[in-house]
Structures are given as structure tokens and as C-alpha cells.
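J.: Okay, so here is work-v2.txt, and as you'll see once you scroll down, it has compact mmCIF, C-alpha atoms.
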# COMPACT_ATOMS: atom_id res chain seq x y z
CA MET A 11 -16.37 23.98 11.07
CA VAL A 12 -15.74 20.93 8.91
CA ALA A 13 -17.41 17.71 9.98
CA SER A 14 -14.96 14.89 10.42
CA THR A 15 -15.55 11.89 8.27
CA PRO A 16 -14.38 8.44 9.26
CA ARG A 17 -11.16 7.48 7.62
CA ARG A 18 -11.57 4.53 5.28
CA LEU A 19 -9.00 1.93 4.54
CA PRO A 20 -8.25 1.57 0.88
CA ARG A 21 -9.93 -1.51 -0.60
CA PRO A 22 -6.67 -3.28 -1.49
CA ALA A 23 -5.51 -3.00 2.15
CA VAL A 24 -8.76 -4.54 3.42
CA ALA A 25 -8.52 -7.35 0.87
CA LEU A 26 -4.89 -8.02 1.82
CA LEU A 27 -5.80 -8.10 5.52
CA ALA A 28 -8.69 -10.51 4.87
CA VAL A 29 -6.53 -12.83 2.78
CA SER A 30 -3.75 -12.76 5.38
CA LEU A 31 -6.17 -13.73 8.13
CA LEU A 32 -7.64 -16.55 6.07
CA ILE A 33 -4.22 -17.93 5.20
CA GLY A 34 -3.15 -17.76 8.82
CA TRP A 35 -6.28 -19.55 10.01
CA SER A 36 -6.16 -22.23 7.34
CA GLU A 37 -2.52 -23.00 8.16
CA LEU A 38 -3.34 -23.42 11.85
CA ALA A 39 -6.35 -25.69 11.30
CA PRO A 40 -4.48 -28.94 10.56
CA VAL A 41 -2.28 -28.45 13.63
CA HIS A 42 -5.25 -28.57 16.01
CA LEU A 43 -6.63 -31.99 15.19
CA PRO A 44 -9.51 -33.38 17.23
CA HIS A 45 -8.34 -36.04 19.65
CA LYS A 46 -10.00 -39.06 21.11
CA ALA A 47 -8.82 -40.54 24.41
CA LEU A 48 -7.54 -44.12 24.15
CA SER A 49 -9.59 -44.96 27.26
CA PRO A 50 -13.04 -43.57 28.17
CA PRO A 51 -12.19 -42.80 31.83
CA LEU A 52 -9.60 -40.28 30.60
CA ASP A 53 -12.50 -38.11 29.38
CA ASP A 54 -14.87 -38.88 32.24
CA GLU A 55 -15.81 -36.01 34.55
CA GLN A 56 -16.38 -38.33 37.53
CA THR A 57 -12.93 -39.88 37.11
CA HIS A 58 -11.43 -36.40 36.97
CA LYS A 59 -13.27 -35.50 40.17
CA ALA A 60 -12.02 -38.66 41.92
CA VAL A 61 -8.44 -37.90 40.83
CA GLU A 62 -8.68 -34.36 42.19
CA GLU A 63 -10.25 -35.44 45.49
CA VAL A 64 -7.69 -38.18 46.19
CA ALA A 65 -4.75 -35.96 45.16
CA ASN A 66 -5.96 -32.99 47.19
CA GLN A 67 -6.47 -35.09 50.31
CA ALA A 68 -3.01 -36.63 50.01
CA GLN A 69 -1.42 -33.23 49.39
CA LEU A 70 -2.83 -32.01 52.71
CA GLU A 71 -1.01 -34.87 54.45
CA GLN A 72 2.38 -34.39 52.73
CA ASP A 73 5.52 -33.43 54.59
CA ASP A 74 7.42 -31.77 51.75
CA PRO A 75 5.36 -30.55 48.79
CA SER A 76 8.47 -29.08 47.11
CA VAL A 77 9.80 -32.52 46.12
CA ARG A 78 8.29 -34.01 42.99
CA LEU A 79 8.28 -37.74 42.27
CA MET A 80 6.89 -37.55 38.75
CA PRO A 81 9.52 -36.45 36.21
CA HIS A 82 8.44 -34.23 33.36
CA PRO A 83 7.72 -36.15 30.14
CA PRO A 84 10.78 -36.66 27.98
CA ALA A 85 11.06 -34.54 24.86
CA GLY A 86 11.26 -36.20 21.50
CA PRO A 87 9.22 -39.40 21.52
CA ASP A 88 5.79 -39.48 19.93
CA ASN A 89 2.60 -39.34 21.99
CA LEU A 90 2.01 -43.09 22.05
CA GLU A 91 5.50 -43.78 23.36
CA ILE A 92 5.10 -41.20 26.14
CA CYS A 93 1.64 -42.61 26.82
CA CYS A 94 3.03 -46.15 27.19
CA LEU A 95 5.81 -44.88 29.42
CA HIS A 96 3.22 -43.35 31.75
CA ALA A 97 1.12 -46.52 31.49
CA ASN A 98 4.14 -48.28 33.03
CA ILE A 99 4.09 -45.79 35.91
CA LEU A 100 0.32 -46.25 36.14
CA ASP A 101 0.82 -49.99 36.65
CA PHE A 102 3.35 -49.19 39.37
CA TYR A 103 0.66 -47.03 41.03
CA LEU A 104 -1.89 -49.82 40.82
CA LEU A 105 0.46 -52.42 42.30
CA ASN A 106 2.40 -50.37 44.86
CA VAL A 107 0.36 -47.33 45.81
CA LEU A 108 -3.36 -47.83 45.36
CA SER A 109 -3.33 -51.48 46.43
CA HIS A 110 -2.12 -50.34 49.87
CA HIS A 111 -4.49 -47.39 50.18
CA SER A 112 -7.76 -47.66 52.08
CA THR A 113 -10.89 -47.89 49.96
CA ASP A 114 -13.14 -46.42 52.64
CA ASN A 115 -13.84 -43.43 50.48
CA GLN A 116 -15.87 -43.54 47.27
CA HIS A 117 -13.34 -41.42 45.35
CA THR A 118 -10.54 -43.90 46.07
CA ARG A 119 -12.69 -46.84 44.94
CA ARG A 120 -13.65 -44.98 41.79
CA LEU A 121 -10.05 -43.97 41.13
CA ARG A 122 -8.70 -47.50 41.52
CA SER A 123 -11.39 -48.93 39.26
CA ASP A 124 -10.98 -46.27 36.55
CA LEU A 125 -7.17 -46.39 36.57
CA SER A 126 -7.34 -50.18 36.20
CA ARG A 127 -9.64 -49.70 33.21
CA ILE A 128 -7.24 -47.16 31.69
CA SER A 129 -4.33 -49.58 32.13
CA HIS A 130 -6.28 -52.39 30.47
CA ASP A 131 -7.40 -50.13 27.59
CA LEU A 132 -3.86 -48.89 26.96
CA GLU A 133 -2.56 -52.45 26.78
CA ALA A 134 -5.32 -53.18 24.25
CA HIS A 135 -4.05 -50.21 22.20
CA GLY A 136 -0.57 -51.70 22.07
CA CYS A 137 1.21 -50.37 25.15
CA ASN A 138 3.67 -53.08 26.15
CA ILE A 139 4.16 -51.87 29.69
CA THR A 140 7.11 -54.12 30.50
CA ARG A 141 9.02 -52.59 27.58
CA TYR A 142 9.24 -49.32 29.52
CA HIS A 143 10.22 -50.81 32.87
CA ASP A 144 13.90 -49.86 32.43
CA HIS A 145 13.30 -46.52 30.71
CA GLN A 146 15.17 -43.76 32.55
CA HIS A 147 11.91 -41.85 33.13
CA ALA A 148 10.25 -44.81 34.88
CA VAL A 149 13.44 -45.65 36.78
CA LYS A 150 13.76 -42.05 38.00
CA PHE A 151 10.17 -42.11 39.24
CA ARG A 152 10.67 -45.39 41.14
CA GLN A 153 13.95 -44.14 42.67
CA ARG A 154 12.31 -40.96 43.90
CA TYR A 155 9.38 -42.97 45.19
CA PHE A 156 11.50 -45.36 47.26
CA GLU A 157 13.76 -42.53 48.51
CA HIS A 158 10.70 -40.96 50.12
CA GLY A 159 10.54 -43.56 52.88
CA GLN A 160 7.40 -44.23 54.85
CA HIS A 161 5.51 -41.27 53.33
CA ARG A 162 6.07 -42.38 49.74
CA ARG A 163 2.52 -43.64 49.16
CA THR A 164 1.01 -40.39 50.39
CA LYS A 165 3.41 -38.43 48.20
CA ALA A 166 2.54 -40.59 45.18
CA LEU A 167 -1.20 -40.19 45.81
CA GLY A 168 -0.66 -36.44 45.96
CA GLU A 169 0.76 -36.63 42.45
CA VAL A 170 -1.83 -38.97 40.94
CA ASP A 171 -3.34 -35.89 39.30
CA ILE A 172 -0.06 -35.21 37.48
CA LEU A 173 0.03 -38.80 36.21
CA PHE A 174 -3.61 -38.55 35.15
CA TYR A 175 -3.00 -35.29 33.26
CA TYR A 176 -0.03 -36.83 31.44
CA LEU A 177 -2.21 -39.79 30.49
CA GLN A 178 -4.91 -37.40 29.27
CA ASP A 179 -2.41 -35.37 27.24
CA TYR A 180 -0.50 -38.22 25.61
CA CYS A 181 -2.90 -41.18 25.43
CA VAL A 182 -4.93 -39.80 22.55
CA GLN A 183 -5.62 -40.80 19.03
CA SER A 184 -5.79 -38.10 16.39
CA ASP A 185 -9.04 -38.25 14.50
CA VAL A 186 -7.74 -37.36 11.06
CA SER A 187 -11.04 -38.23 9.39
CA THR A 188 -12.61 -35.02 10.78
CA ALA A 189 -9.60 -32.78 10.16
CA THR A 190 -9.70 -30.24 7.39
CA PRO A 191 -7.09 -30.62 4.64
Would you kindly transcribe this structure into C-alpha cells?
T.:
Amino acid sequence: MVASTPRRLPRPAVALLAVSLLIGWSELAPVHLPHKALSPPLDDEQTHKAVEEVANQAQLEQDDPSVRLMPHPPAGPDNLEICCLHANILDFYLLNVLSHHSTDNQHTRRLRSDLSRISHDLEAHGCNITRYHDHQHAVKFRQRYFEHGQHRRTKALGEVDILFYYLQDYCVQSDVSTATP
């Protein structure tokens, strides 16, 4: 009986595979740039926890979870423009939703404080919030909000996590100094 020997790949095939993998990885590296949030609360674990707690509580009180107030981000604009658009909606939350919500709970107090800080930081980074007041995305959100009647604040609080995630995703600054060429 002949002992079976492991089959070896020819050296050129191994070299070609290694080069292909390296080329593939080096082409992907610049695409995944490190990002830095434009506001520290966007990266804060306690803020994230407060967002989740407030949203989850409000979702338990909702009448119709199938209706969504927050439109999906528009395709096309750059991150900063989408960020500023959501900063406009954030200001709407601060003035019309959170200002009318009880602060009996520590998560709500934390959320209100951190979202105010985010709004202030985004303005400092150049978000002119009034510029986006008439943008169709912001208008659609406000229309859906007011169509929801007396339960609109609860519905909006149930979606504060969506707003927060959009702010986390789009309100970032690429750190090109640490990227590989």
C-alpha cells in the first residue's frame, strides 16, 4: 500500500495567492478610515445607555410601532450635510419633545443634557441648523410628527435612538493623518 502524501501547491500559485490577498487588503485599507465623532457624547457609553433606556421605555407606550417618523437619510449628500440635517431634527427634539418630557428619571436628564451638548458641538463645527429647516427630509419628519396627534412626543422619544444612530454615523470627522496611503 502506498502512503498518501499531502498534495502541495506549486510555488507560483502560492505566490500569486499571497500577492492577490495583499493587493486586495491594501486597496481596502484607505476606504476604512478611522473616524472621530464631532461631539464627545456621540462616543460616550453612558449617553448610549440613556438613549436606549428612554427609547425603549417610550416604545413600550406606543400605539402603532409600524409608523416611522424619522425618514431614512437622503442619498447623495456628504456626511457633514447629512449630519447638519439631523442636527436640525435634533434641535426640534430639544425644543418640542424633550422640553415637554418629565425629567424624573436619570436617563432622561442625561439624554437632554448630552443631546444639548451634541447640538452645541455641531454648531461649533459649522452646522447652520436653520439652513436645513426647509429641507424636505426635515419637513417630512415634522409633518409625520404633527400628524401623530397627542401621542407624537412618545412616538418621537421611541425613535430618539434612530436619530442618535444617524448622528453617530454621519457626524464624524475622518482622521486622515492616521490612514495608510
J.: Rounded to one decimal place, report the CA of Asn98 (chain A)-CA of Tyr176 (chain A) distance in Å.
T.: 12.3 Å
J.: Could you pull the residues within 6 Å of region 158-171 of chain A, counting all atoms listed in the file, minus those fewer than 5 positions along the same chain, as a list in words?
T.: Val61, Ala65, Ala68, Gln69 and Val107 of chain A
J.: Please measure the separation of CA of Lys150 (chain A) and CA of Leu90 (chain A), giving the value in Å to one decimal.
T.: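 We find that CA of Lys150 (chain A) and CA of Leu90 (chain A) lie 19.8 Å from each other.
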J.: Using all atoms listed in the file for the distances, tell me which of A:Val77, A:Ile128, A:Ala60, A:Leu177 is nearest to Asn89 (chain A).
T.: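 Of A:Val77, A:Ile128, A:Ala60, A:Leu177, the one nearest Asn89 (chain A), counting all atoms listed in the file, is A:Leu177.
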J.: Within 9 Å of region 50-57 of chain A, counting all atoms listed in the file, which residues qualify if same-chain residues fewer than 6 places away don't, as a list in words?
T.: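 So the residues in contact are His117, Arg120, Leu121, Asp124, Leu125, Arg127, Ile128, Asp131, Phe174, Tyr175, Leu177, Gln178 and Cys181 of chain A.
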J.: So how far away is CA of Leu48 (chain A) from CA of Pro83 (chain A), in Å?
T.: 18.2 Å
J.: Skipping near chain neighbours, those fewer than 3 positions away, what residues fall within 8 Å of Cys137 (chain A) using only C-alpha atoms, listed as a count of residues only?
T.: 7
J.: Identify the residues around (8.9, -45.8, 41.3) within a radius of 12 Å, measuring from all atoms listed in the file in the coordinates stated by the file, and give them as a ChimeraX atom specification.
T.: /A:78-81,96,98-107,143-159,162-163,165-166
J.: Please put the answer as JSON: centre and edge lengths, in Å with one decimal, of a box along x, y and z that encloses all listed atoms of region 114-126 of chain A plus 8 Å on each side.
T.:
{"center_x": -11.5, "center_y": -45.8, "center_z": 44.4, "size_x": 24.7, "size_y": 24.8, "size_z": 32.4}
J.: If you count all atoms listed in the file, which residues fall within 7 Å of Val182 (chain A), apart from same-chain ones fewer than 3 positions away, as a list in words?
T.: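 Counting only the stated atoms, we get His45, Lys46, Ala47, Leu48 and Asp179 of chain A.
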J.: Could the residues in this selection be saved with C-alpha atoms as a JSON list (two decimals), in the coordinates of the input?
T.:
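Okay, out00.json is ready:
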[["chain", "number", "residue", "atom", "x", "y", "z"],
["A", 45, "HIS", "CA", -8.34, -36.04, 19.65],
["A", 46, "LYS", "CA", -10.00, -39.06, 21.11],
["A", 47, "ALA", "CA", -8.82, -40.54, 24.41],
["A", 48, "LEU", "CA", -7.54, -44.12, 24.15],
["A", 179, "ASP", "CA", -2.41, -35.37, 27.24]]
J.: At the level of N, CA and C atoms, write region 98-135 of chain A to a file as a PDB file, in the first residue's frame, please.
T.:
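This went into decode-v3.pdb:
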ATOM      1  N   ASN A  98     -30.548  69.594  12.708  1.00  0.00           N
ATOM      2  CA  ASN A  98     -31.786  70.376  12.669  1.00  0.00           C
ATOM      3  C   ASN A  98     -32.919  69.608  13.353  1.00  0.00           C
ATOM      4  N   ILE A  99     -33.024  68.332  13.069  1.00  0.00           N
ATOM      5  CA  ILE A  99     -34.046  67.495  13.709  1.00  0.00           C
ATOM      6  C   ILE A  99     -33.746  67.365  15.202  1.00  0.00           C
ATOM      7  N   LEU A 100     -32.474  67.288  15.564  1.00  0.00           N
ATOM      8  CA  LEU A 100     -32.091  67.244  16.969  1.00  0.00           C
ATOM      9  C   LEU A 100     -32.575  68.492  17.702  1.00  0.00           C
ATOM     10  N   ASP A 101     -32.407  69.648  17.095  1.00  0.00           N
ATOM     11  CA  ASP A 101     -32.904  70.878  17.727  1.00  0.00           C
ATOM     12  C   ASP A 101     -34.424  70.845  17.888  1.00  0.00           C
ATOM     13  N   PHE A 102     -35.105  70.290  16.904  1.00  0.00           N
ATOM     14  CA  PHE A 102     -36.555  70.127  17.011  1.00  0.00           C
ATOM     15  C   PHE A 102     -36.879  69.248  18.229  1.00  0.00           C
ATOM     16  N   TYR A 103     -36.138  68.161  18.402  1.00  0.00           N
ATOM     17  CA  TYR A 103     -36.322  67.292  19.569  1.00  0.00           C
ATOM     18  C   TYR A 103     -36.122  68.075  20.862  1.00  0.00           C
ATOM     19  N   LEU A 104     -35.057  68.849  20.917  1.00  0.00           N
ATOM     20  CA  LEU A 104     -34.762  69.583  22.146  1.00  0.00           C
ATOM     21  C   LEU A 104     -35.854  70.596  22.478  1.00  0.00           C
ATOM     22  N   LEU A 105     -36.390  71.255  21.468  1.00  0.00           N
ATOM     23  CA  LEU A 105     -37.396  72.293  21.699  1.00  0.00           C
ATOM     24  C   LEU A 105     -38.817  71.758  21.849  1.00  0.00           C
ATOM     25  N   ASN A 106     -39.157  70.692  21.142  1.00  0.00           N
ATOM     26  CA  ASN A 106     -40.551  70.243  21.075  1.00  0.00           C
ATOM     27  C   ASN A 106     -40.845  68.896  21.724  1.00  0.00           C
ATOM     28  N   VAL A 107     -39.834  68.106  21.964  1.00  0.00           N
ATOM     29  CA  VAL A 107     -40.068  66.772  22.515  1.00  0.00           C
ATOM     30  C   VAL A 107     -39.502  66.688  23.935  1.00  0.00           C
ATOM     31  N   LEU A 108     -38.216  66.852  24.062  1.00  0.00           N
ATOM     32  CA  LEU A 108     -37.585  66.678  25.368  1.00  0.00           C
ATOM     33  C   LEU A 108     -37.945  67.779  26.357  1.00  0.00           C
ATOM     34  N   SER A 109     -38.219  68.968  25.877  1.00  0.00           N
ATOM     35  CA  SER A 109     -38.578  70.060  26.790  1.00  0.00           C
ATOM     36  C   SER A 109     -39.933  69.810  27.456  1.00  0.00           C
ATOM     37  N   HIS A 110     -40.740  68.934  26.891  1.00  0.00           N
ATOM     38  CA  HIS A 110     -42.056  68.620  27.448  1.00  0.00           C
ATOM     39  C   HIS A 110     -42.083  67.270  28.162  1.00  0.00           C
ATOM     40  N   HIS A 111     -40.942  66.618  28.207  1.00  0.00           N
ATOM     41  CA  HIS A 111     -40.873  65.289  28.819  1.00  0.00           C
ATOM     42  C   HIS A 111     -40.367  65.420  30.253  1.00  0.00           C
ATOM     43  N   SER A 112     -40.943  64.655  31.139  1.00  0.00           N
ATOM     44  CA  SER A 112     -40.566  64.671  32.548  1.00  0.00           C
ATOM     45  C   SER A 112     -39.096  64.304  32.721  1.00  0.00           C
ATOM     46  N   THR A 113     -38.451  64.985  33.652  1.00  0.00           N
ATOM     47  CA  THR A 113     -37.049  64.682  33.943  1.00  0.00           C
ATOM     48  C   THR A 113     -36.915  63.931  35.266  1.00  0.00           C
ATOM     49  N   ASP A 114     -37.953  63.199  35.628  1.00  0.00           N
ATOM     50  CA  ASP A 114     -37.913  62.436  36.874  1.00  0.00           C
ATOM     51  C   ASP A 114     -36.868  61.322  36.828  1.00  0.00           C
ATOM     52  N   ASN A 115     -36.558  60.878  35.652  1.00  0.00           N
ATOM     53  CA  ASN A 115     -35.658  59.743  35.543  1.00  0.00           C
ATOM     54  C   ASN A 115     -34.267  60.219  35.108  1.00  0.00           C
ATOM     55  N   GLN A 116     -33.252  59.572  35.667  1.00  0.00           N
ATOM     56  CA  GLN A 116     -31.867  59.994  35.422  1.00  0.00           C
ATOM     57  C   GLN A 116     -31.476  59.862  33.952  1.00  0.00           C
ATOM     58  N   HIS A 117     -32.034  58.872  33.254  1.00  0.00           N
ATOM     59  CA  HIS A 117     -31.685  58.686  31.844  1.00  0.00           C
ATOM     60  C   HIS A 117     -32.194  59.855  31.003  1.00  0.00           C
ATOM     61  N   THR A 118     -33.385  60.345  31.322  1.00  0.00           N
ATOM     62  CA  THR A 118     -33.940  61.477  30.580  1.00  0.00           C
ATOM     63  C   THR A 118     -33.119  62.731  30.827  1.00  0.00           C
ATOM     64  N   ARG A 119     -32.719  62.960  32.064  1.00  0.00           N
ATOM     65  CA  ARG A 119     -31.869  64.127  32.364  1.00  0.00           C
ATOM     66  C   ARG A 119     -30.552  64.033  31.613  1.00  0.00           C
ATOM     67  N   ARG A 120     -29.959  62.865  31.647  1.00  0.00           N
ATOM     68  CA  ARG A 120     -28.683  62.650  30.963  1.00  0.00           C
ATOM     69  C   ARG A 120     -28.847  62.853  29.453  1.00  0.00           C
ATOM     70  N   LEU A 121     -29.923  62.298  28.914  1.00  0.00           N
ATOM     71  CA  LEU A 121     -30.180  62.405  27.483  1.00  0.00           C
ATOM     72  C   LEU A 121     -30.340  63.865  27.066  1.00  0.00           C
ATOM     73  N   ARG A 122     -31.141  64.607  27.782  1.00  0.00           N
ATOM     74  CA  ARG A 122     -31.371  66.012  27.448  1.00  0.00           C
ATOM     75  C   ARG A 122     -30.058  66.803  27.499  1.00  0.00           C
ATOM     76  N   SER A 123     -29.292  66.584  28.537  1.00  0.00           N
ATOM     77  CA  SER A 123     -28.018  67.285  28.685  1.00  0.00           C
ATOM     78  C   SER A 123     -27.045  66.926  27.560  1.00  0.00           C
ATOM     79  N   ASP A 124     -26.907  65.634  27.265  1.00  0.00           N
ATOM     80  CA  ASP A 124     -25.959  65.195  26.235  1.00  0.00           C
ATOM     81  C   ASP A 124     -26.396  65.611  24.831  1.00  0.00           C
ATOM     82  N   LEU A 125     -27.693  65.549  24.553  1.00  0.00           N
ATOM     83  CA  LEU A 125     -28.161  65.983  23.229  1.00  0.00           C
ATOM     84  C   LEU A 125     -27.982  67.488  23.055  1.00  0.00           C
ATOM     85  N   SER A 126     -28.137  68.248  24.125  1.00  0.00           N
ATOM     86  CA  SER A 126     -27.867  69.694  24.054  1.00  0.00           C
ATOM     87  C   SER A 126     -26.399  69.935  23.754  1.00  0.00           C
ATOM     88  N   ARG A 127     -25.539  69.166  24.383  1.00  0.00           N
ATOM     89  CA  ARG A 127     -24.092  69.291  24.133  1.00  0.00           C
ATOM     90  C   ARG A 127     -23.772  68.944  22.681  1.00  0.00           C
ATOM     91  N   ILE A 128     -24.378  67.884  22.170  1.00  0.00           N
ATOM     92  CA  ILE A 128     -24.145  67.491  20.781  1.00  0.00           C
ATOM     93  C   ILE A 128     -24.575  68.617  19.847  1.00  0.00           C
ATOM     94  N   SER A 129     -25.743  69.191  20.085  1.00  0.00           N
ATOM     95  CA  SER A 129     -26.239  70.282  19.251  1.00  0.00           C
ATOM     96  C   SER A 129     -25.267  71.455  19.259  1.00  0.00           C
ATOM     97  N   HIS A 130     -24.797  71.810  20.439  1.00  0.00           N
ATOM     98  CA  HIS A 130     -23.843  72.927  20.569  1.00  0.00           C
ATOM     99  C   HIS A 130     -22.540  72.608  19.825  1.00  0.00           C
ATOM    100  N   ASP A 131     -22.026  71.393  20.003  1.00  0.00           N
ATOM    101  CA  ASP A 131     -20.779  70.993  19.347  1.00  0.00           C
ATOM    102  C   ASP A 131     -20.920  70.999  17.826  1.00  0.00           C
ATOM    103  N   LEU A 132     -22.063  70.545  17.323  1.00  0.00           N
ATOM    104  CA  LEU A 132     -22.252  70.505  15.870  1.00  0.00           C
ATOM    105  C   LEU A 132     -22.327  71.910  15.292  1.00  0.00           C
ATOM    106  N   GLU A 133     -22.946  72.831  16.021  1.00  0.00           N
ATOM    107  CA  GLU A 133     -22.948  74.227  15.569  1.00  0.00           C
ATOM    108  C   GLU A 133     -21.524  74.769  15.529  1.00  0.00           C
ATOM    109  N   ALA A 134     -20.716  74.405  16.519  1.00  0.00           N
ATOM    110  CA  ALA A 134     -19.318  74.846  16.555  1.00  0.00           C
ATOM    111  C   ALA A 134     -18.519  74.263  15.392  1.00  0.00           C
ATOM    112  N   HIS A 135     -18.948  73.129  14.863  1.00  0.00           N
ATOM    113  CA  HIS A 135     -18.280  72.509  13.711  1.00  0.00           C
ATOM    114  C   HIS A 135     -18.850  72.996  12.380  1.00  0.00           C
TER     115      HIS A 135
END
